[in-house]
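Shown next: final-v8.txt, given as compact mmCIF, C-alpha atoms and all ligand atoms.
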```txt
# COMPACT_ATOMS: atom_id res chain seq x y z
CA MET A 1 -14.45 -13.06 50.48
CA PHE A 2 -16.46 -11.12 47.92
CA ARG A 3 -13.31 -9.28 46.85
CA LEU A 4 -11.52 -12.59 46.36
CA PHE A 5 -14.48 -13.98 44.43
CA SER A 6 -14.73 -10.92 42.23
CA SER A 7 -11.00 -10.79 41.58
CA ASN A 8 -11.03 -14.51 40.76
CA MET A 9 -13.98 -13.91 38.47
CA ALA A 10 -12.14 -11.04 36.81
CA PHE A 11 -9.09 -13.28 36.29
CA PHE A 12 -11.30 -16.09 34.98
CA THR A 13 -13.16 -13.75 32.62
CA HIS A 14 -9.85 -12.35 31.40
CA GLN A 15 -8.56 -15.87 30.71
CA ILE A 16 -11.74 -16.75 28.81
CA GLN A 17 -11.47 -13.54 26.81
CA ARG A 18 -7.81 -14.23 26.05
CA SER A 19 -8.45 -17.79 24.93
CA PHE A 20 -11.51 -16.66 22.95
CA SER A 21 -9.58 -13.85 21.32
CA SER A 22 -6.60 -16.07 20.45
CA SER A 23 -8.90 -18.74 19.01
CA VAL A 24 -10.63 -16.05 16.95
CA VAL A 25 -7.41 -14.57 15.62
CA ARG A 26 -5.80 -17.87 14.69
CA ASN A 27 -5.78 -18.73 10.98
CA VAL A 28 -7.84 -15.85 9.68
CA VAL A 29 -8.92 -16.82 6.20
CA ILE A 30 -9.23 -13.54 4.39
CA LYS A 31 -12.37 -13.16 2.33
CA ASN A 32 -13.68 -9.65 3.05
CA VAL A 33 -11.14 -6.94 2.40
CA THR A 34 -11.50 -3.22 3.11
CA ILE A 35 -9.10 -0.93 1.32
CA ILE A 36 -8.76 2.62 2.56
CA GLY A 37 -7.56 5.02 -0.13
CA GLY A 38 -8.66 4.66 -3.74
CA GLY A 39 -5.62 6.31 -5.34
CA GLN A 40 -3.25 4.53 -7.69
CA MET A 41 -2.23 1.89 -5.14
CA GLY A 42 -5.57 1.35 -3.35
CA ALA A 43 -7.43 0.98 -6.66
CA GLY A 44 -4.80 -1.50 -7.88
CA ILE A 45 -4.99 -3.58 -4.70
CA ALA A 46 -8.80 -3.54 -4.90
CA GLN A 47 -8.63 -4.74 -8.50
CA VAL A 48 -6.31 -7.64 -7.76
CA ALA A 49 -8.23 -8.72 -4.64
CA ALA A 50 -11.57 -8.58 -6.48
CA SER A 51 -10.11 -10.44 -9.48
CA THR A 52 -9.14 -13.31 -7.20
CA GLY A 53 -12.63 -13.69 -5.71
CA HIS A 54 -12.36 -11.52 -2.60
CA SER A 55 -15.18 -9.27 -1.55
CA VAL A 56 -13.74 -5.76 -1.56
CA THR A 57 -14.91 -2.48 -0.06
CA LEU A 58 -12.99 0.53 -1.31
CA VAL A 59 -13.05 3.67 0.85
CA ASP A 60 -12.03 7.22 0.00
CA MET A 61 -12.97 10.72 1.00
CA THR A 62 -15.35 11.68 -1.83
CA ASP A 63 -17.65 9.94 -4.27
CA ASP A 64 -15.84 11.63 -7.15
CA ILE A 65 -12.52 10.04 -6.15
CA LEU A 66 -14.23 6.67 -5.82
CA LYS A 67 -15.85 7.05 -9.25
CA LYS A 68 -12.45 7.80 -10.74
CA ALA A 69 -10.99 4.76 -8.94
CA MET A 70 -13.71 2.46 -10.31
CA LYS A 71 -13.14 3.86 -13.80
CA GLY A 72 -9.43 3.21 -13.42
CA ILE A 73 -10.05 -0.38 -12.27
CA GLN A 74 -12.31 -1.01 -15.25
CA GLY A 75 -9.72 0.42 -17.66
CA SER A 76 -6.96 -1.68 -16.15
CA LEU A 77 -9.14 -4.81 -16.27
CA ARG A 78 -9.70 -4.19 -19.98
CA ARG A 79 -5.92 -4.27 -20.49
CA VAL A 80 -5.63 -7.50 -18.49
CA VAL A 81 -8.54 -9.15 -20.31
CA LYS A 82 -7.24 -8.20 -23.76
CA LYS A 83 -4.36 -10.57 -23.14
CA LYS A 84 -6.02 -13.21 -20.95
CA PHE A 85 -9.14 -13.66 -23.07
CA SER A 86 -7.70 -12.71 -26.47
CA ASP A 87 -9.58 -15.60 -28.18
CA ASP A 88 -12.82 -15.15 -26.28
CA PRO A 89 -13.78 -11.47 -25.75
CA GLU A 90 -17.25 -12.39 -24.42
CA SER A 91 -15.75 -14.34 -21.51
CA GLY A 92 -13.48 -11.33 -20.97
CA ASP A 93 -16.51 -9.04 -20.64
CA ASP A 94 -18.12 -11.51 -18.19
CA PHE A 95 -14.91 -11.58 -16.16
CA ILE A 96 -14.81 -7.77 -15.93
CA GLN A 97 -18.45 -7.68 -14.86
CA LYS A 98 -17.89 -10.30 -12.15
CA VAL A 99 -14.80 -8.53 -10.82
CA MET A 100 -16.57 -5.16 -10.73
CA GLN A 101 -19.42 -6.79 -8.79
CA ASN A 102 -16.91 -7.85 -6.13
CA VAL A 103 -16.07 -4.20 -5.40
CA SER A 104 -18.30 -1.82 -3.47
CA THR A 105 -17.38 1.74 -2.54
CA THR A 106 -18.12 4.02 0.38
CA THR A 107 -16.97 7.24 2.02
CA ASN A 108 -17.79 5.79 5.46
CA PRO A 109 -14.75 3.87 6.80
CA ALA A 110 -16.49 2.89 10.07
CA ALA A 111 -19.27 1.06 8.23
CA ALA A 112 -16.78 -0.45 5.79
CA VAL A 113 -14.84 -2.42 8.40
CA THR A 114 -17.66 -4.04 10.34
CA THR A 115 -17.43 -7.35 8.44
CA SER A 116 -13.82 -7.04 7.35
CA ASP A 117 -11.20 -9.77 7.75
CA LEU A 118 -8.44 -7.49 6.52
CA VAL A 119 -8.06 -3.72 6.29
CA VAL A 120 -5.34 -2.44 3.96
CA GLU A 121 -4.57 1.25 4.22
CA ALA A 122 -3.21 2.97 1.12
CA ILE A 123 -3.72 6.62 2.04
CA VAL A 124 -1.25 9.49 2.00
CA GLU A 125 2.29 8.73 3.27
CA ASN A 126 1.90 10.57 6.60
CA MET A 127 2.34 8.87 9.97
CA LYS A 128 -0.07 11.05 11.97
CA ILE A 129 -2.88 10.56 9.42
CA LYS A 130 -2.24 6.80 9.22
CA GLN A 131 -2.16 6.51 13.04
CA ASP A 132 -5.42 8.45 13.37
CA LEU A 133 -7.00 6.13 10.82
CA PHE A 134 -5.79 2.92 12.51
CA GLY A 135 -6.78 4.22 15.97
CA PHE A 136 -10.28 5.05 14.73
CA LEU A 137 -10.81 1.80 12.80
CA ASP A 138 -9.52 -0.26 15.72
CA LYS A 139 -12.66 0.69 17.65
CA MET A 140 -14.95 -0.21 14.75
CA ALA A 141 -13.50 -3.44 13.37
CA PRO A 142 -14.18 -6.95 14.73
CA GLU A 143 -11.65 -8.59 17.05
CA HIS A 144 -10.21 -10.87 14.36
CA THR A 145 -9.64 -8.16 11.71
CA ILE A 146 -6.04 -7.78 10.58
CA PHE A 147 -4.76 -4.26 9.86
CA ALA A 148 -2.12 -3.87 7.16
CA SER A 149 -0.38 -0.84 5.76
CA ASN A 150 0.89 -0.36 2.21
CA THR A 151 3.33 2.32 3.39
CA SER A 152 6.45 2.85 1.29
CA SER A 153 8.67 3.96 4.12
CA LEU A 154 7.02 4.43 7.53
CA PRO A 155 7.42 2.08 10.52
CA ILE A 156 4.48 -0.32 10.75
CA SER A 157 5.09 -0.62 14.52
CA ASP A 158 4.30 3.11 14.97
CA MET A 159 0.95 2.63 13.23
CA ALA A 160 0.25 -0.56 15.21
CA SER A 161 0.89 1.35 18.46
CA ALA A 162 -2.22 3.44 17.74
CA THR A 163 -4.34 0.27 18.03
CA SER A 164 -5.20 -2.27 20.71
CA ARG A 165 -4.21 -5.09 18.33
CA PRO A 166 -0.48 -4.77 17.51
CA ASP A 167 -0.33 -8.57 17.15
CA ARG A 168 -2.81 -8.27 14.29
CA CYS A 169 -0.98 -5.48 12.44
CA GLY A 170 1.56 -5.91 9.66
CA GLY A 171 2.74 -4.52 6.36
CA LEU A 172 1.57 -5.49 2.91
CA HIS A 173 3.73 -3.48 0.53
CA PHE A 174 2.53 -3.71 -3.06
CA PHE A 175 4.27 -2.30 -6.11
CA ASN A 176 3.06 0.03 -8.80
CA PRO A 177 1.27 -0.91 -11.08
CA VAL A 178 -0.27 -3.47 -8.74
CA PRO A 179 -1.92 -5.62 -11.43
CA MET A 180 1.43 -6.10 -13.20
CA MET A 181 3.99 -6.24 -10.38
CA LYS A 182 4.38 -9.72 -8.93
CA LEU A 183 5.99 -8.86 -5.60
CA VAL A 184 4.46 -8.10 -2.21
CA GLU A 185 6.67 -7.39 0.80
CA VAL A 186 5.04 -8.89 3.89
CA VAL A 187 6.28 -6.97 6.90
CA ALA A 188 6.26 -8.25 10.47
CA THR A 189 6.98 -6.01 13.45
CA SER A 190 8.27 -7.39 16.73
CA SER A 191 4.61 -7.60 17.87
CA THR A 192 3.09 -9.20 14.77
CA SER A 193 1.89 -12.69 15.71
CA PRO A 194 2.98 -15.70 13.64
CA GLU A 195 -0.71 -16.32 12.85
CA THR A 196 -1.06 -12.81 11.42
CA SER A 197 2.07 -13.23 9.30
CA GLU A 198 0.79 -16.55 8.04
CA SER A 199 -2.61 -15.08 7.15
CA LEU A 200 -0.93 -12.22 5.28
CA LEU A 201 1.39 -14.58 3.42
CA ASN A 202 -1.55 -16.79 2.45
CA PHE A 203 -3.49 -13.74 1.30
CA THR A 204 -0.69 -12.55 -1.00
CA LYS A 205 -0.43 -16.04 -2.48
CA ALA A 206 -4.22 -16.09 -3.01
CA LEU A 207 -3.77 -12.86 -4.99
CA GLY A 208 -1.32 -14.67 -7.26
CA LYS A 209 1.63 -12.60 -6.00
CA THR A 210 5.03 -13.68 -4.75
CA PRO A 211 5.61 -12.62 -1.14
CA VAL A 212 8.93 -11.90 0.55
CA CYS A 213 9.21 -11.52 4.33
CA CYS A 214 10.67 -8.23 5.60
CA LYS A 215 11.57 -6.74 8.93
CA ASP A 216 10.04 -3.41 9.85
CA THR A 217 13.08 -1.39 8.73
CA PRO A 218 13.04 1.84 6.66
CA GLY A 219 12.05 1.06 3.07
CA PHE A 220 11.91 -2.69 3.75
CA ILE A 221 13.93 -4.25 0.90
CA VAL A 222 12.95 -2.70 -2.43
CA ASN A 223 12.56 0.96 -1.49
CA ARG A 224 15.70 0.95 0.67
CA LEU A 225 17.59 0.23 -2.55
CA LEU A 226 15.35 1.89 -5.15
CA VAL A 227 14.62 5.30 -3.60
CA PRO A 228 18.29 6.26 -2.96
CA TYR A 229 18.97 5.25 -6.59
CA MET A 230 16.20 7.57 -7.85
CA MET A 231 17.45 10.41 -5.63
CA GLU A 232 21.01 9.90 -6.84
CA ALA A 233 19.79 10.21 -10.45
CA LEU A 234 18.14 13.50 -9.52
CA ARG A 235 21.28 14.85 -7.89
CA LEU A 236 23.39 13.74 -10.87
CA HIS A 237 21.06 15.75 -13.12
CA GLU A 238 21.12 18.75 -10.75
CA ARG A 239 24.92 18.77 -10.88
CA GLY A 240 24.57 19.11 -14.66
CA HIS A 241 26.10 15.71 -15.34
CA GLY A 242 23.32 14.44 -17.58
CA SER A 243 19.91 15.41 -18.97
CA LYS A 244 16.94 13.54 -17.50
CA GLU A 245 16.24 12.07 -20.94
CA ASP A 246 19.79 10.74 -21.28
CA ILE A 247 19.83 9.36 -17.74
CA ASP A 248 16.54 7.55 -18.40
CA ILE A 249 17.81 6.11 -21.70
CA ALA A 250 21.08 5.09 -20.04
CA MET A 251 19.42 3.14 -17.23
CA LYS A 252 16.95 1.46 -19.58
CA LEU A 253 19.45 0.42 -22.22
CA GLY A 254 22.51 0.11 -20.03
CA ALA A 255 21.03 -1.51 -16.95
CA GLY A 256 17.90 -3.17 -18.30
CA TYR A 257 15.41 -1.21 -16.17
CA PRO A 258 11.92 -1.04 -17.74
CA MET A 259 11.72 2.68 -16.84
CA GLY A 260 14.45 5.25 -16.25
CA PRO A 261 14.64 6.90 -12.80
CA PHE A 262 12.81 10.09 -13.88
CA GLU A 263 10.04 8.14 -15.61
CA LEU A 264 9.74 5.92 -12.56
CA SER A 265 9.69 8.87 -10.13
CA ASP A 266 6.85 10.42 -12.13
CA TYR A 267 5.09 7.05 -12.12
CA VAL A 268 5.40 6.58 -8.34
CA GLY A 269 4.46 10.22 -7.60
CA LEU A 270 6.91 12.99 -6.72
CA ASP A 271 4.99 13.80 -3.51
CA THR A 272 5.43 10.19 -2.39
CA ILE A 273 9.18 10.26 -3.17
CA LYS A 274 9.48 13.49 -1.19
CA PHE A 275 7.48 12.13 1.78
CA ILE A 276 9.73 9.07 1.85
CA THR A 277 13.08 10.91 1.73
CA ASP A 278 12.01 13.75 4.06
CA GLY A 279 10.94 11.16 6.64
CA TRP A 280 14.18 9.20 6.41
CA ARG A 281 16.30 12.38 6.53
CA GLU A 282 14.57 13.44 9.76
CA LYS A 283 15.78 10.18 11.32
CA GLU A 284 19.24 10.16 9.72
CA PRO A 285 20.08 13.80 8.87
CA ASP A 286 23.70 13.07 7.96
CA ASN A 287 23.07 10.14 5.63
CA PRO A 288 24.02 11.40 2.12
CA LEU A 289 21.64 8.87 0.54
CA PHE A 290 18.74 10.89 1.94
CA ALA A 291 20.03 14.37 0.96
CA PRO A 292 17.26 16.63 -0.41
CA SER A 293 16.82 17.75 -4.01
CA ASP A 294 15.86 21.35 -4.79
CA LEU A 295 14.33 20.28 -8.08
CA LEU A 296 12.10 17.68 -6.42
CA ASN A 297 11.01 20.19 -3.76
CA LYS A 298 10.23 22.81 -6.42
CA LEU A 299 8.11 20.46 -8.55
CA VAL A 300 6.11 19.22 -5.55
CA ALA A 301 5.52 22.82 -4.35
CA GLU A 302 4.18 23.61 -7.85
CA GLY A 303 1.78 20.64 -7.67
CA LYS A 304 3.72 18.83 -10.39
CA LEU A 305 3.43 15.39 -8.83
CA GLY A 306 4.15 13.24 -11.87
CA LYS A 307 1.84 11.13 -13.99
CA LYS A 308 -1.14 11.46 -11.62
CA SER A 309 -1.19 15.27 -12.03
CA LEU A 310 -0.22 15.04 -15.72
CA GLU A 311 3.10 16.82 -15.11
CA GLY A 312 6.27 16.04 -13.17
CA PHE A 313 9.67 15.70 -14.78
CA TYR A 314 7.73 15.08 -17.99
CA LYS A 315 4.30 16.09 -19.30
CA TYR A 316 1.51 13.53 -19.83
CA SER A 317 -1.84 13.49 -21.56
CA LYS A 318 -4.89 11.80 -20.00
C1 LIG B 1 7.21 3.53 -4.21
C2 LIG B 1 6.94 2.20 -3.64
O1 LIG B 1 6.62 2.11 -2.44
C3 LIG B 1 7.14 0.95 -4.37
C4 LIG B 1 6.99 0.95 -5.86
O2 LIG B 1 5.96 0.66 -6.37
S1 LIG B 1 8.33 1.36 -6.72
C5 LIG B 1 7.83 1.18 -8.40
C6 LIG B 1 7.87 -0.25 -8.86
N1 LIG B 1 7.45 -0.32 -10.22
C7 LIG B 1 8.29 -0.34 -11.26
O3 LIG B 1 9.50 -0.37 -11.07
C8 LIG B 1 7.64 -0.33 -12.61
C9 LIG B 1 8.66 -0.31 -13.71
N2 LIG B 1 7.95 -0.34 -14.99
C10 LIG B 1 7.48 -1.48 -15.54
O4 LIG B 1 7.63 -2.57 -15.01
C11 LIG B 1 6.83 -1.35 -16.88
O5 LIG B 1 7.23 -0.14 -17.46
C12 LIG B 1 5.25 -1.38 -16.79
C13 LIG B 1 4.78 -2.78 -16.38
C14 LIG B 1 4.70 -0.36 -15.82
C15 LIG B 1 4.66 -1.02 -18.14
O6 LIG B 1 5.26 -1.82 -19.10
P1 LIG B 1 5.73 -1.23 -20.50
O7 LIG B 1 6.17 -2.37 -21.34
O8 LIG B 1 6.70 -0.15 -20.19
O9 LIG B 1 4.46 -0.53 -21.09
P2 LIG B 1 3.16 -1.13 -21.72
O10 LIG B 1 3.45 -1.71 -23.06
O11 LIG B 1 2.17 -0.01 -21.63
O12 LIG B 1 2.71 -2.26 -20.72
C16 LIG B 1 3.15 -3.61 -20.77
C17 LIG B 1 2.00 -4.50 -20.42
O13 LIG B 1 1.59 -4.19 -19.09
C18 LIG B 1 0.17 -3.92 -19.10
N3 LIG B 1 -0.10 -2.91 -18.09
C19 LIG B 1 0.66 -1.85 -17.77
N4 LIG B 1 0.08 -1.16 -16.79
C20 LIG B 1 -1.05 -1.81 -16.47
C21 LIG B 1 -2.08 -1.59 -15.51
N5 LIG B 1 -2.06 -0.54 -14.67
N6 LIG B 1 -3.11 -2.46 -15.47
C22 LIG B 1 -3.14 -3.51 -16.30
N7 LIG B 1 -2.21 -3.79 -17.21
C23 LIG B 1 -1.18 -2.93 -17.30
C24 LIG B 1 -0.11 -3.40 -20.50
O14 LIG B 1 -1.45 -3.58 -20.88
C25 LIG B 1 0.82 -4.25 -21.35
O15 LIG B 1 0.23 -5.49 -21.63
P3 LIG B 1 0.64 -6.29 -22.96
O16 LIG B 1 2.03 -6.78 -22.70
O17 LIG B 1 -0.36 -7.37 -23.03
O18 LIG B 1 0.53 -5.30 -24.06
N1 LIG B 2 2.78 5.40 -5.63
C1 LIG B 2 3.49 4.29 -5.50
O1 LIG B 2 4.20 3.88 -6.43
C2 LIG B 2 3.43 3.51 -4.24
C3 LIG B 2 2.87 4.05 -3.10
N2 LIG B 2 2.83 3.30 -1.96
C4 LIG B 2 2.21 3.84 -0.74
O2 LIG B 2 0.79 3.68 -0.86
C5 LIG B 2 0.11 4.76 -0.22
C6 LIG B 2 -0.79 5.44 -1.22
O3 LIG B 2 -0.03 5.90 -2.32
P1 LIG B 2 -0.71 6.30 -3.70
O4 LIG B 2 -1.83 5.38 -4.01
O5 LIG B 2 0.39 6.47 -4.67
O6 LIG B 2 -1.32 7.73 -3.33
P2 LIG B 2 -2.49 8.52 -4.06
O7 LIG B 2 -2.25 9.96 -3.75
O8 LIG B 2 -2.64 8.09 -5.46
O9 LIG B 2 -3.80 8.02 -3.27
C7 LIG B 2 -4.06 8.23 -1.92
C8 LIG B 2 -5.57 8.21 -1.74
O10 LIG B 2 -5.87 8.18 -0.35
C9 LIG B 2 -6.98 9.03 -0.13
N3 LIG B 2 -6.99 9.41 1.28
C10 LIG B 2 -6.09 10.21 1.92
N4 LIG B 2 -6.41 10.29 3.23
C11 LIG B 2 -7.50 9.50 3.41
C12 LIG B 2 -8.28 9.13 4.54
N5 LIG B 2 -8.01 9.60 5.75
N6 LIG B 2 -9.32 8.28 4.36
C13 LIG B 2 -9.61 7.79 3.13
N7 LIG B 2 -8.89 8.09 2.03
C14 LIG B 2 -7.86 8.93 2.18
C15 LIG B 2 -6.80 10.18 -1.10
O11 LIG B 2 -8.02 10.84 -1.36
C16 LIG B 2 -6.26 9.45 -2.34
O12 LIG B 2 -7.29 9.02 -3.20
C17 LIG B 2 1.22 5.65 0.38
O13 LIG B 2 1.45 5.23 1.70
C18 LIG B 2 2.42 5.34 -0.51
O14 LIG B 2 3.65 5.59 0.13
C19 LIG B 2 3.28 2.02 -1.90
C20 LIG B 2 3.81 1.41 -3.02
C21 LIG B 2 3.97 2.14 -4.28
```

Mind turning the file's structure into structure tokens?
Ligand SMILES: CC(=O)CC(=O)SCCNC(=O)CCNC(=O)[C@H](O)C(C)(C)COP(=O)(O)OP(=O)(O)OC[C@H]1O[C@@H](n2cnc3c(N)ncnc32)[C@H](O)[C@@H]1OP(=O)(O)O
Ligand SMILES: NC(=O)C1=CN([C@@H]2O[C@H](COP(=O)(O)OP(=O)(O)OC[C@H]3O[C@@H](n4cnc5c(N)ncnc54)[C@H](O)[C@@H]3O)[C@@H](O)[C@H]2O)C=CC1
Amino acid sequence: MFRLFSSNMAFFTHQIQRSFSSSVVRNVVIKNVTIIGGGQMGAGIAQVAASTGHSVTLVDMTDDILKKAMKGIQGSLRRVVKKKFSDDPESGDDFIQKVMQNVSTTTNPAAAVTTSDLVVEAIVENMKIKQDLFGFLDKMAPEHTIFASNTSSLPISDMASATSRPDRCGGLHFFNPVPMMKLVEVVATSSTSPETSESLLNFTKALGKTPVCCKDTPGFIVNRLLVPYMMEALRLHERGHGSKEDIDIAMKLGAGYPMGPFELSDYVGLDTIKFITDGWREKEPDNPLFAPSDLLNKLVAEGKLGKKSLEGFYKYSK
């Protein structure tokens, strides 16, 4: 009798928890956003979210990195404001101040997620590190919090599997530079709930971006087309069929791209391009689109990662 009562109670409690949890997760209006990783993408996402009235917490591993990120956000806002408030610089200064006030920083990810509606990870392109992060934050974040990844190439479902909330995990793939690029790929896995997808779509619209829906397939839409193109440019150069300068000029003037493939690779980060292609090659070793490049491997081994390290295919000044 007691066993029946207790098992009924357990069932009843489970049902209450389920209905409570589904009512909590429905229609999450995203106000508080935690961004993990204050590199070029995380800082850009933080800037855009803060500029559109969201309360943002930016997390990275050291205070120095976070200081650099905040400096970068301020510099980028100055560029935005120059255009937007060209007739009224004082309002531009006020805008920058307000946006900066919407961003706080911390090196403590556990504390950062306690009031978060959405966590966006923009850390290094490495599955194990992303899974460890999601698994850890899953225990710290409220029930309703949505977890999103800005990964360029890794399966969102593998990251979601490290959490107890795969229905509240999805992809939000932004483009570099985030303040300028209008697109966000919103990625749903087979476990992402329709409510989560809707919340993510609404969030991207609230940021003033245009979303497209993507399946959780390698590279989603843009990178599946763009990264093989960049790698093909590299191989063309390695075969001695064109200098990097000429290839860049050719694609800008002949195909209307704003940057040539070498300029763009430096802009994205050569480490990121290598992480992406190495990962895809592991899965499809015979696919010629994912063939390695000795030149790319050499530059990354030398720490020449592109614009962010001031040298890649080209040299840059600060
Ligand atoms: C790897 C992945 O997973 C996915 C990816 O992101 S792939 C990469 C996708 N990105 C691209 O393909 C970028 C291609 N490049 C471009 O679109 C352009 O070169 C660019 C927008 C980056 C810069 O434009 P540009 O005309 O070459 O240079 P520039 O004159 O310096 O900038 C143009 C405007 O953008 C603004 N701008 C550029 N970067 C900015 C930033 N980070 N913040 C704010 N404003 C910025 C400039 O202030 C300038 O504004 P005005 O027109 O008012 O002067
Ligand atoms: N660079 C690009 O053009 C694009 C990159 N992406 C993706 O965005 C992610 C980030 O890329 P970038 O910003 O370019 O890299 P980045 O190297 O500029 O920045 C990564 C940041 O994450 C921090 N970090 C690493 N591990 C961390 C951890 N465990 N906790 C907190 N912070 C941590 C690093 O200190 C660094 O500041 C990657 O997954 C990348 O594939 C997506 C779209 C475009």

Polymer residues at most 9 Å from Pro179 of chain A, all atoms listed in the file, same-chain spacing of 4 or more positions, as a PyMOL selection string: chain A and resi 44-45+47-48+76-77+80+175

May I have the residues within 9 Å of ligand LIG 2 (chain B), computed using all atoms listed in the file, as a count of residues only? 55

Practice task
Determine the nearest neighbour of Glu238 of chain A from the options A:Ser293, A:Gln97, A:Thr34, A:Ser309, counting all atoms listed in the file.
Solution key: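 The shortest atom-to-atom distance to Glu238 of chain A comes from A:Ser293.
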
My list of candidates is A:Asp167, A:Asp266, A:Glu90, A:Glu245. Which is closest to ligand LIG 1 (chain B) when distances are computed with all atoms listed in the file?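 Checking each of A:Asp167, A:Asp266, A:Glu90, A:Glu245 against ligand LIG 1 (chain B), counting all atoms listed in the file, the winner is A:Asp266.
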
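In this comparison, which uses only C-alpha atoms and all ligand atoms, the residue of A:Glu311, A:Asp278, A:Glu185, A:Asp246 approaching ligand LIG 1 (chain B) most closely is A:Glu185.
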
query: Please, what distance in Å, to one decimal, runs between atom CA of Gly135 of chain A and atom CA of Thr106 of chain A?
result: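 According to the coordinates, atom CA of Gly135 of chain A and atom CA of Thr106 of chain A are separated by 19.3 Å.
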
query = Taking into account only C-alpha atoms, which residue in the set A:Thr52, A:Asn27, A:His237, A:Asp94 is nearest to Gly208 of chain A?
reply =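 When distances to Gly208 of chain A are compared using only C-alpha atoms, the smallest one comes from A:Thr52.
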
Subject >> d(atom N5 of ligand LIG 1 (chain B), atom CA of Ile73 of chain A) in Å >> reply: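 For atom N5 of ligand LIG 1 (chain B) relative to atom CA of Ile73 of chain A, the distance reads 8.3 Å.
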
Contacts of Tyr229 of chain A at 12 Å or less, counting all atoms listed in the file, minus same-chain residues fewer than 4 places along, as a PyMOL selection string? chain A and resi 222-225+233-236+247+251+260-262+264-265+273+277+288-291

Saved selection, atoms kept: C-alpha atoms, as a short mmCIF file (atom, residue, chain, number, x, y, z; two decimals), keeping the file's coordinate frame:
```
data_model
loop_
_atom_site.label_atom_id
_atom_site.label_comp_id
_atom_site.auth_asym_id
_atom_site.auth_seq_id
_atom_site.Cartn_x
_atom_site.Cartn_y
_atom_site.Cartn_z
CA VAL A 222 12.95 -2.70 -2.43
CA ASN A 223 12.56 0.96 -1.49
CA ARG A 224 15.70 0.95 0.67
CA LEU A 225 17.59 0.23 -2.55
CA ALA A 233 19.79 10.21 -10.45
CA LEU A 234 18.14 13.50 -9.52
CA ARG A 235 21.28 14.85 -7.89
CA LEU A 236 23.39 13.74 -10.87
CA ILE A 247 19.83 9.36 -17.74
CA MET A 251 19.42 3.14 -17.23
CA GLY A 260 14.45 5.25 -16.25
CA PRO A 261 14.64 6.90 -12.80
CA PHE A 262 12.81 10.09 -13.88
CA LEU A 264 9.74 5.92 -12.56
CA SER A 265 9.69 8.87 -10.13
CA ILE A 273 9.18 10.26 -3.17
CA THR A 277 13.08 10.91 1.73
CA PRO A 288 24.02 11.40 2.12
CA LEU A 289 21.64 8.87 0.54
CA PHE A 290 18.74 10.89 1.94
CA ALA A 291 20.03 14.37 0.96
#
```

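Computed from the coordinates, the atom CA of Met181 of chain A to atom CA of Pro228 of chain A distance equals 20.4 Å.
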
For ligand LIG 1 (chain B), the closest of A:Asp64, A:Glu263, A:Asp138, A:Glu284 counting only C-alpha atoms and all ligand atoms is A:Glu263

Ligand LIG 1 (chain B) proximity check over A:Leu137, A:Ile156, A:Val33, A:Ile221, using all atoms listed in the file: winner is A:Ile221
